[in-house]
Every structure is written in C-alpha cells, then in structure tokens.
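The structure under discussion appears below in the form of structure tokens.
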Amino acid sequence: MATVVLSTKSCAENPLKSSTPLGAALAYLGVEGSVPLFHGSQGCTSFGLVLAVRHYKEAIPLQTTAMSEPATILGGADNLDEALVNITTRMKPKFIGVASTALVETRGEDIAGELTAIVAKRRELDETKIVFASTPDFEGALEDGWARATTAIIQSLVEASAPGLAIPSVINVLPGVHETPGAVYELKDLLEAFGFQARFLPDVSSSLDGYVPDVYVGTSLGGSPIDEIRVMARAVHTIAIGEHMRPPAEALHAKTGVPVSVLPTLTGLEASDRLVALLSRLSGRPVPERLRRQRGQLVDVMLDAHFHLSGKRVAVAADPDLLCTLVELFTSLGAQIVAAVSSTKNSPLLAKLPCERVYIGDLGDLEQLAKEHQAELLVTHSHGRQAAEALEIPLFRIGFPIFDRLGHQYRPLGGYRGTRELVCEIANVFISRLHEHKPDDFPLAIPPQPIVEDSRHVDA
Amino acid sequence: MSDALKAKIADIFEEPGCDKNQAKGTKERKKGCSKPLTPGAAAGGCAFDGAKIALQPITDVVHLVHGPLACEGNGWDNRHSATSGSSIYRRGFTTDVSEVDIVMGTGEKRLYRAIKEAITRHAPPAVFVYSTCVTALIGDDIDAVCKHASEKFGTPVIPVNAPGFVGAKNLGNKLAGEALLDHVIGTIEPETITPLDVNILGEYNLSGELWQVKPLLDRLGIRMHACITGDARYREVASSHRASVNLMVCSTALINLARKMEERYGIPYFECSFYGIEDTSTTLRTTAELLVKRGAPADLIERTEALIASEEARAWARIKPYQSRLEGKRVLLYTGGVKSWSVVSALQEIGMVIVGTSTRKSTKEDKERIKELMGGDAHMVDSIPPRQMYDQLMRGEADVLLSGGRTQFVALKAKVPWLDINQERHHAYGGYDGMVELVRQLDLEINSPVWREVRRPAPWERGYLEADAEPETAVFAASA
C-alpha cells in the first residue's frame, strides 16, 4: 500500500504530463477518416501536433479553430462553425472529433450546445459525424483526454442496445492511451486465437502504425470504421484496458447492456493469465497450444531476467495506469521501486501500489527522488533524458512522448509475448552495464579497527 | 488584453523599419502584419510560441511559462538550439495553473511563488516569465508580479507579454524583442568595449550554426558581443547596447529590436544572412565597411576581402566533387523568406535544377532576388496544398524536396528524397562550411541506396518477377 503525496510546488519543472486535449486527439485519430479539431488558439494545436509528429513520425491531421483575442472575448461559436465547414470542404473527413482547450473552457462557453446548433443549421456537415469532448488542459492529462473522447464517441455514435442481436464471435475492446498500435495487434491476435473478432475503439493499429499507403490520405490513415462503432451493441462482451477506461466502459454498458470487464493492464504474467482465462471462459474453448508455449517462454524469460533486476533501485514516472503497470512489473521481478511519480491522482489504484509513496508531480520530482534514493534506472518517456544525463544513469523509455527512439509504436507491451519482449528489453539495459568489480567495491569486507587511544595527547 | 499590450502591438504594426509594412496604406497597416487566420485551415505557431523561440536560446536563465499545462508541457525541449555553457534553458518550467487558480483568481500568487521556487532551486541570473492566453484572459498582471519579484529577490524577472491569441509566431518574435528592449538591453554595462564589437540579432544557433559563422568573425578580429539569442548568456544580452554594429539575420523577425537599438543607442543595423556562400561574403563585407565607418582600423576591409577570397575558394573546392553526383538533379525548394533564394546559387553552381521555390513568406526583395537568379518568375510558387504536392512528387517532377517538417511526410509517403532545412533540422547549414554540408547532405539523401530498396515492387505486385527474380531462384523454381 502506498501513500499518495500531492505536490505543494507552484513551479512545475520538466512536465511529466502531456495535455488532456492531446489525449483526446490521439483517440479521435483511432477513428477511420477522421480529423481531430482543437477549439482554441492556433498554438494549442501547433504544440500538440509537433509533439505527436515527433512521437509517431507520421503526418498528423490535427486542426484548429484559430481563436483570436476578439473571438475569445466575444465567443468562439463562429470560429467553430467556420472551422467545421472549412475542414469538411477541404478534406472531406468522415469524422471530426472536437476537443476543447483551456482557452475556451476558461470563458465557460456552452460548446456542446453551440455545436448542436451548428450541425442543425449546416447542411454541408450532414455527411460528417461530429463529436465533442470537454478537455480543458487544466484538468487531468493524456489518459483523461483519451477516455473522455472515447466516451464522447460512444455516446454520439453507438446505437442503443438491440437485445437478441449479439454476435457470439464479436468482442468490443476499449484500449487505454498507452496501448501502442503494436499492442493492439497483439491483442487482436490473442482474440483471434479464441475465435473472436475484435472491435477496437479507438483503433490506432491501422491509423498510427506507420505505413506507406498507395494514395494520398489527408485524414487519419485508418481506424475504427464508423459503421462498426455504430453496432457495438451486438458484441458479447466488452474488455476495457486500464482504470481510465472505466468511464467509457460504463457509458458503453449503459447504452448497450453488453457486459464489461475492466482489466487494469495486460502486461505481466498474472495480467496475461487473467485475460487468457477470460477469453477461454467467454469462448468456451481451451487455451490453444501456441499460447501455452508462449506462457512457458515468458516464465523462462522471467527466470533468466530476475537475476539482473533483483534488488535494483528503480525510479518510475508515468500517467497513473501506465505507472501501475510498470511498478507491478518491476516489483514482480525483484526490483525495488525507490521513486514513483504519477502525472495525476486520477486512479484509485495508485494507493494500492507496492511501494511506500506515490508522488503526484513532474520529472523534476523524479530527478530529485531518484538522486536522493540513488536510483540505478529511470523509467519514463523521452523527456526523462535530462534527468538521466544529470544523474548519469540509464533511461528506459516508455509512454508518451518517445521522440528520440524509433519503433515504439510496434512494441506489443502486453500478453505473454508482449511481456516477454518487454522483460528482455528491461533486463538488457542492466546486462549492457554489467559492473566490473574493483577492490574498493567492498568497504565492509575489512573488519572494524579496534579503537587505539591517542597517546600523543597526554595532559600538557 | 491590457492597454499596454494593445499599444505595443499597434506600435509593431506601424514599424517604420519594415519595408513590407511601409509599402502599405495607413488603413491596411492598422490591420496588422499577419494574414487573418482561417479556422480549420490554419497552420503554425501562436505568438507565445514565437516569443519563446526568440528568447529560449538564452541559455543560463529560467524560462517560466505562466499558463495551463499544454503551452509548456507539449512544447518543451523540442528545438536544437545549442549551448556552449549552461543547459538550464532546456528545462521546462510552468505554473501549470489549475481550475482553482482560474476560478479563485490565485494565478498571480501562484506565479509569484513559482518565481521564488525557481530562483531558490537554480539561482539563475534572470527569470523570463511568459504570459499565455488563459492567464491574460483572467487578467493576471504579470508585469506587476515580475516587478515585485525582481525587487524582493534581487534577480531580474522579465515579463514577456505575448499570449497566443494576439497573433502568429512572427508577432511573438517581435514582442520578445520588445521585452528585451524594455527590461534587459542596457541594464548592465559591458566590461570592455572595442570598436570591433558586433551583435547578431535573430540567430538561434540551431544545430550549432552560430559556431560555423563565429570563427569567421574571430579570424577578422571582430568580436561578437552578443548573439540575440543563440547560445547567449543573460549578461551578454543585457550589455549589448554598446556594440558598434548589429547584424540582423532571419529576415525581419527582430526588425523592431534592430531599429529601436539604433534609435536608442545609435547602433546601425543591416539585414543579412549566413545562408549561402555569396550571402556570407556580402554579410562579412558589409560588416567590415560599417565597422570601419564606426572607427575600426581601415585595413579591416582588406583583410575581410582576403578572407572572403580564400574561404570562397575553399568552399567551392569542397563542393566541386559533388558536381558529378548532383548535376541535373531537380530540386523543389519549399521554405520561404531568405532561404527561398539564399541556397539557390550554390545549388545552381553545381548544376542542380530548381523546379520550384516557394515564396509564401518572402518579401518583395526576396522575390526580386529569385527572378534575378532564376531568370524570371516562372518557378516561383505560392503555397502548394499537400495533396497536390504529393501528386507532383508521384509524377516524378522533382528528385528531392527541400522543406520543413510539415511537408516531410508528403515526400516520404511518395518515396521521394527529402531534406530538412527548417528549424527542426539536425545538420548545421551556416556560413561557407554549412553550404558544403548542405551539398553533402543532398548527395547522401538523393543518392541513398534506400530509394531503390523502398521502391521495389512487392512480391504480389505486377513487375515483381521482371524486376527482381534472382536467376538462382528462377532456375530452382523451373527445375522443381
């Protein structure tokens, strides 16, 4: 059990968070033919866009309502209207996902109401599905934005329950923001192994997986088809991954009545077992030989890896769900979590983590805690590089953004196979820095010296 | 927006140093420099982004952003502005204002405490505080907080008033210049002054480009007092008002700073560029002439000519070997401003063909130069929509695209060579040395074996067998 410690600082240093609207944009990009739109100043979009491009190494079709100062004061409805019409005429998207920013939320506009009015009035928007999520930057972080956008998509696009129509082979999956395209592929494979067809929402595996199409595509490259989102009621079960996906899962359940399982993570032996058991039960099929073999491989890798992780002092910083996943994984392999920093306090699971304290803070906190507790490894996204340089310890990159390494989008991260790969990656960091022992490494090997009275200082 | 900020912006729109501005009528001038933004079709950063770009390269100070998370959280540590000393400027500081601060109006208090924390933690020579849309909207008076904090902590705290919604990046650059004029430049006297002191304005030392140029000045005994702001220390900028000449690069981003430094401190400035061989020479030549006018020894001109002659010869000699590999290759140049023509002559010299150059952000003079270099305006293009550019590249209309990150994936998805010449570039293209590097990078990119690989047909595509059946496989298949 951990104590959750809130920050008392006024000056965040080296932010751990990426913004809430950006989380929403990433979710919207998991819908086919989509263009996410930030309702805010053009800078809100530009910063988010550049960061997403650096992470995915892909063109990101993120747009802005380009709020000017007068528009901010007089209200942004006209800008929203104009932006929707311009995007529709220019790019012909099937879907536009609107996310608000701190700027328009500060003024407290009724954006949802304005949007309804615009859509009712504008015939040229008839062919485009438009969805809105309230995502001010000053509330939450990436996970919250992603979850809110997913909820918004469910609420506006999924058709209400249609009892008797469930197709036994279809399962809905609501992946969390840290499930990479590779992780989605991995899970699709797992589901297929039990004869299931998966409907992911959002589905970044076909839109952000890095791909060269044969034609020019101005919108998202792929993603969940809108026709499939509409009929999510016909699935036999919904699996949501991560605590932050509980609200969208509840929204989907309320709308469709499809039973839901919220799994905190898919990474780790226990988590993978839980998923496989669930799928086996739902399908009524035995666990295929291939997966049994993979489980054995994961167990074997954990045995090999634990020698390199035992007793290692590790400092981790991430969004809440990813933090929980990482802390559990490292702990299960014998490492000691000397610092755990979460971007927000928005998960009840933080208090249950197997470490003393969880700090709500930034990478400045991570750096300081890692230094105080002599951490041997930093685990966070690419922005941890400054702390790693300063402390002269390695950085294991995971999360968002990762802009100084290639291939993050293909990491499978979960399931037996994904966990196996991840454990190898982590162990290799330590193996590549094996310590060459020197005589000075053993200060306690010398027996304590007997205390000798100093005879030179006799009474003068 | 405060009245003071309104007045500042009006003042920038009136800037007499700006030719583009002077060409307009009074009414048009009042509307401002940047085109009004089109919602749903706008690209590029906001004024805050522009201000940050212009000031962040001051390496030894804390840059503190007063706003909600995204302004700093999504954008910090993202440029390759290099440092030879402190790296405190790379850290991201923000007040990360919460809903409580906005509702309760505690933003100013939070800012004050944040300044205090930053000074306690890092003891910087100064703190730069940036306002953002939200904190400007709720009326936080950052000028007052900065003034109070400066007095209380004995460290200069500089307010930078450039909230994103006042306009685009370019306006932000200029507002950053105003902050330097109002609060920094002239606040410290330099330890030594020589008649050969210059400042460079608008050079941000991206990928270390300043260090390709500074040795040239060193060789001539010209002392760069401050670069504003590439690899700058606070003290250098604060004492830059005693230099003899200001070299203004990066077109007109800091024109207001240059002109007002002339007005206040009598420092003449001229617009110049270190991109391109010819341009570098012209810049050195003009610098020498102006310095001599300002009292530098007359032999400076002679020494400068000698340096130019030897460096130009050395550069061309280094470029020559690439001629056979690049001759006849067609370049689409998609950048704007000075770069729309400054690299053209080097590329033409080695026989490359410019099939188009974009003049989106170019001035009238830039356009004149293009006509002169390329024999007419046939190859000048405005902006090209991405889909159209993709089609052009797919049709094979260019062998390489030289542009910025925004069009990177248009080229790559069309499997066409691409070279980054905008701010995110990883290679330094300044001075004579930089032009040699640009040509070398062009060769590496255009002639990379990867293009042949990635354009191979897939096994299920027509042409696969014709193009690639290896003889052995074919024999094996036939006998099987």
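Chain labels A, B, ... are given in the sequence in which chains occur in the structure tokens; within each chain residues are numbered consecutively from 1, and ligands are likewise numbered from 1 in the order shown.
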
- Message: So that I can check the surroundings of Glu437 in chain B, please list as a list of chain:residue names every protein, DNA and RNA residue that reaches within 8 Å of it, counting only C-alpha atoms and ignoring chain neighbours fewer than 5 positions away.
- Response: B:His427, B:Ala428, B:Tyr429

- Query: Near Cys44 in chain A, within 8 Å and counting only C-alpha atoms, which residues show up once chain neighbours fewer than 2 positions away are dropped, as a ChimeraX atom specification?
  - Reply: /A:38,40-42,46-48,64,101 /B:70-71

- Message: Env of Glu189 in chain B: 10 Å cut, atoms = only C-alpha atoms, seq-sep filter 6 positions within chain, self excluded. Answer as a PyMOL selection string.
- Response: chain B and resi 235-236+238-242

- Message: Give me, as a PyMOL selection string, the residues of chain B touching chain A, with the criterion being at most 7 Å (counting only C-alpha atoms).
- Response: chain B and resi 37-42+44-46+49+68-71+73-75+91-99+110+113-114+117-118+133-134+164-167+387+390+409+413

Hey, can you spit out that residue selection with C-alpha atoms as a CSV table (one decimal), in the first residue's frame?
```csv
chain,number,residue,atom,x,y,z
B,37,LEU,CA,-6.1,33.1,-39.6
B,38,THR,CA,-8.7,30.8,-41.2
B,39,PRO,CA,-10.3,28.4,-38.7
B,40,GLY,CA,-9.9,24.8,-39.8
B,41,ALA,CA,-7.2,25.7,-42.3
B,42,ALA,CA,-4.5,27.4,-40.2
B,44,GLY,CA,1.8,27.3,-37.5
B,45,GLY,CA,2.5,28.5,-34.0
B,46,CYS,CA,1.0,31.3,-32.0
B,49,ASP,CA,5.4,30.1,-29.5
B,68,PRO,CA,-2.2,25.8,-18.2
B,69,LEU,CA,-0.1,22.7,-18.9
B,70,ALA,CA,-0.2,22.5,-22.7
B,71,CYS,CA,1.7,25.7,-23.5
B,73,GLY,CA,4.0,20.7,-21.4
B,74,ASN,CA,3.5,19.9,-25.0
B,75,GLY,CA,6.3,22.0,-26.4
B,91,ARG,CA,14.3,22.6,-18.7
B,92,GLY,CA,10.6,23.2,-18.8
B,93,PHE,CA,9.2,25.5,-16.1
B,94,THR,CA,5.5,26.2,-15.9
B,95,THR,CA,2.9,27.3,-13.3
B,96,ASP,CA,0.6,24.6,-14.7
B,97,VAL,CA,-2.4,26.7,-13.5
B,98,SER,CA,-5.3,24.7,-12.2
B,99,GLU,CA,-9.0,25.3,-12.4
B,110,ARG,CA,0.9,31.1,-7.9
B,113,ARG,CA,5.6,31.6,-5.6
B,114,ALA,CA,6.8,29.8,-8.8
B,117,GLU,CA,10.9,28.4,-6.2
B,118,ALA,CA,12.8,28.7,-9.5
B,133,CYS,CA,-3.9,33.1,-23.4
B,134,VAL,CA,-5.6,31.8,-20.2
B,164,GLY,CA,-1.1,33.1,-28.1
B,165,PHE,CA,-4.3,34.6,-29.2
B,166,VAL,CA,-2.8,38.0,-30.2
B,167,GLY,CA,-1.5,36.6,-33.4
B,387,ARG,CA,-2.3,16.5,-51.9
B,390,TYR,CA,2.1,14.5,-53.3
B,409,PHE,CA,5.7,13.0,-44.8
B,413,LYS,CA,5.0,8.7,-48.4
```

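Using only C-alpha atoms, the protein and nucleic acid residues lying no more than 9 Å from Leu181 in chain B, apart from those fewer than 5 places from it along its own chain, are Ala176, Gly186, Leu257, Lys260 and Met261 of chain B.
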
- Task: May I have the residues within 10 Å of Leu282 in chain A as a list in words, using only C-alpha atoms and disregarding those fewer than 5 positions away in the same chain?
- Result: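 Near Leu282 in chain A, the qualifying residues are Pro168, Ser169, Ile171, Phe194, Phe196, Val236, His237, Val276 and Ala277 of chain A.
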
Residue subset to file, keeping N, CA and C atoms, as a short mmCIF file (atom, residue, chain, number, x, y, z; two decimals), in the first residue's frame:
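File result27.cif, as written:
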```cif
data_model
loop_
_atom_site.label_atom_id
_atom_site.label_comp_id
_atom_site.auth_asym_id
_atom_site.auth_seq_id
_atom_site.Cartn_x
_atom_site.Cartn_y
_atom_site.Cartn_z
N PRO A 168 -22.00 -13.95 -31.25
CA PRO A 168 -21.16 -14.57 -30.23
C PRO A 168 -19.66 -14.43 -30.50
N SER A 169 -19.29 -14.18 -31.74
CA SER A 169 -17.85 -14.13 -32.02
C SER A 169 -17.27 -12.72 -31.90
N ILE A 171 -16.19 -9.27 -29.92
CA ILE A 171 -15.85 -8.66 -28.62
C ILE A 171 -15.44 -7.21 -28.84
N PHE A 194 -8.83 -17.35 -29.98
CA PHE A 194 -10.02 -17.94 -29.36
C PHE A 194 -11.24 -17.82 -30.28
N PHE A 196 -12.37 -15.10 -31.73
CA PHE A 196 -13.10 -13.83 -31.62
C PHE A 196 -12.68 -12.85 -32.70
N VAL A 236 -20.63 -9.71 -27.66
CA VAL A 236 -20.99 -10.50 -26.48
C VAL A 236 -20.36 -9.94 -25.21
N HIS A 237 -19.28 -9.21 -25.38
CA HIS A 237 -18.57 -8.74 -24.19
C HIS A 237 -17.73 -7.53 -24.56
N VAL A 276 -6.32 -14.36 -20.61
CA VAL A 276 -6.46 -15.64 -21.30
C VAL A 276 -7.59 -16.46 -20.66
N ALA A 277 -7.66 -16.43 -19.35
CA ALA A 277 -8.73 -17.15 -18.65
C ALA A 277 -10.10 -16.60 -19.06
#
```

- Which of range 209-266 of chain B DSSP labels alpha helix (DSSP H), written as a PyMOL selection string: chain B and resi 210-219+234-238+255-265

Would you save the residues from that selection as a short mmCIF file (atom, residue, chain, number, x, y, z; two decimals), in the first residue's frame, using N, CA and C atoms?
```
data_model
loop_
_atom_site.label_atom_id
_atom_site.label_comp_id
_atom_site.auth_asym_id
_atom_site.auth_seq_id
_atom_site.Cartn_x
_atom_site.Cartn_y
_atom_site.Cartn_z
N LEU B 210 25.70 28.89 -35.31
CA LEU B 210 26.48 30.07 -34.93
C LEU B 210 27.98 29.75 -34.95
N TRP B 211 28.30 28.52 -34.59
CA TRP B 211 29.72 28.14 -34.50
C TRP B 211 30.34 27.86 -35.85
N GLN B 212 29.51 27.89 -36.91
CA GLN B 212 30.08 27.82 -38.26
C GLN B 212 30.43 29.23 -38.74
N VAL B 213 29.88 30.23 -38.06
CA VAL B 213 29.99 31.61 -38.51
C VAL B 213 30.96 32.40 -37.62
N LYS B 214 30.87 32.17 -36.31
CA LYS B 214 31.65 32.95 -35.35
C LYS B 214 33.16 32.87 -35.63
N PRO B 215 33.70 31.70 -36.01
CA PRO B 215 35.14 31.65 -36.29
C PRO B 215 35.56 32.61 -37.41
N LEU B 216 34.67 32.87 -38.36
CA LEU B 216 34.99 33.82 -39.43
C LEU B 216 35.19 35.21 -38.85
N LEU B 217 34.28 35.59 -37.95
CA LEU B 217 34.40 36.90 -37.31
C LEU B 217 35.67 36.94 -36.45
N ASP B 218 35.91 35.85 -35.72
CA ASP B 218 37.11 35.77 -34.88
C ASP B 218 38.37 36.00 -35.71
N ARG B 219 38.41 35.34 -36.87
CA ARG B 219 39.61 35.46 -37.73
C ARG B 219 39.87 36.90 -38.11
N TYR B 234 22.75 35.77 -20.23
CA TYR B 234 21.93 36.93 -19.90
C TYR B 234 22.75 38.21 -19.90
N ARG B 235 23.95 38.12 -19.28
CA ARG B 235 24.81 39.30 -19.15
C ARG B 235 25.18 39.88 -20.52
N GLU B 236 25.44 39.00 -21.49
CA GLU B 236 25.82 39.47 -22.83
C GLU B 236 24.68 40.26 -23.48
N VAL B 237 23.47 39.75 -23.35
CA VAL B 237 22.32 40.43 -23.96
C VAL B 237 22.07 41.76 -23.24
N ALA B 238 22.15 41.72 -21.91
CA ALA B 238 21.86 42.92 -21.12
C ALA B 238 22.87 44.04 -21.40
N ILE B 255 13.12 42.95 -36.45
CA ILE B 255 13.36 44.26 -37.06
C ILE B 255 13.11 45.41 -36.08
N ASN B 256 12.08 45.24 -35.25
CA ASN B 256 11.78 46.31 -34.28
C ASN B 256 12.91 46.47 -33.27
N LEU B 257 13.51 45.34 -32.89
CA LEU B 257 14.62 45.38 -31.94
C LEU B 257 15.80 46.10 -32.57
N ALA B 258 16.11 45.74 -33.82
CA ALA B 258 17.25 46.35 -34.51
C ALA B 258 17.05 47.86 -34.65
N ARG B 259 15.84 48.25 -35.09
CA ARG B 259 15.63 49.67 -35.34
C ARG B 259 15.65 50.48 -34.05
N LYS B 260 15.03 49.92 -33.02
CA LYS B 260 14.99 50.67 -31.76
C LYS B 260 16.35 50.73 -31.08
N MET B 261 17.18 49.71 -31.30
CA MET B 261 18.54 49.80 -30.75
C MET B 261 19.33 50.90 -31.47
N GLU B 262 19.02 51.09 -32.75
CA GLU B 262 19.65 52.18 -33.48
C GLU B 262 19.17 53.52 -32.92
N GLU B 263 17.86 53.60 -32.70
CA GLU B 263 17.25 54.82 -32.21
C GLU B 263 17.78 55.18 -30.81
N ARG B 264 17.82 54.19 -29.94
CA ARG B 264 18.20 54.45 -28.56
C ARG B 264 19.70 54.54 -28.33
N TYR B 265 20.45 53.66 -29.00
CA TYR B 265 21.87 53.55 -28.68
C TYR B 265 22.78 53.88 -29.87
#
```

- Among listed residues B:Ile384, B:Leu55, B:Ile115, B:Leu137, nearest Gly108 in chain A (using only C-alpha atoms): B:Leu137

- Pick the closest to Thr180 in chain A from A:Val204, A:Leu377, A:Leu29, A:Ala339: which is it, counting only C-alpha atoms?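 For Thr180 in chain A, the nearest of the candidates is A:Val204.
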
- Message: Would you pick out the contacts of Ala271 in chain A at 10 Å or less, using only C-alpha atoms, so that residues sharing its chain but fewer than 4 positions from it are not included, and give the list as number ranges by chain?
- Response: A: 263-267, 275-277, 325, 414-416, 419

- Best match for closeness to Leu5 in chain B among B:Glu311, B:Asp141, B:Glu72, B:Asp77, counting only C-alpha atoms: B:Asp141

- Interatomic distance between CA of Val4 in chain A and CA of Val358 in chain A? 4.8 Å

- Task: List the neighbours of Ala120 in chain A out to 12 Å using only C-alpha atoms; skip same-chain residues closer than 6 positions along the sequence, and give me the result as a PyMOL selection string.
- Result: chain A and resi 81+113-114+126+130
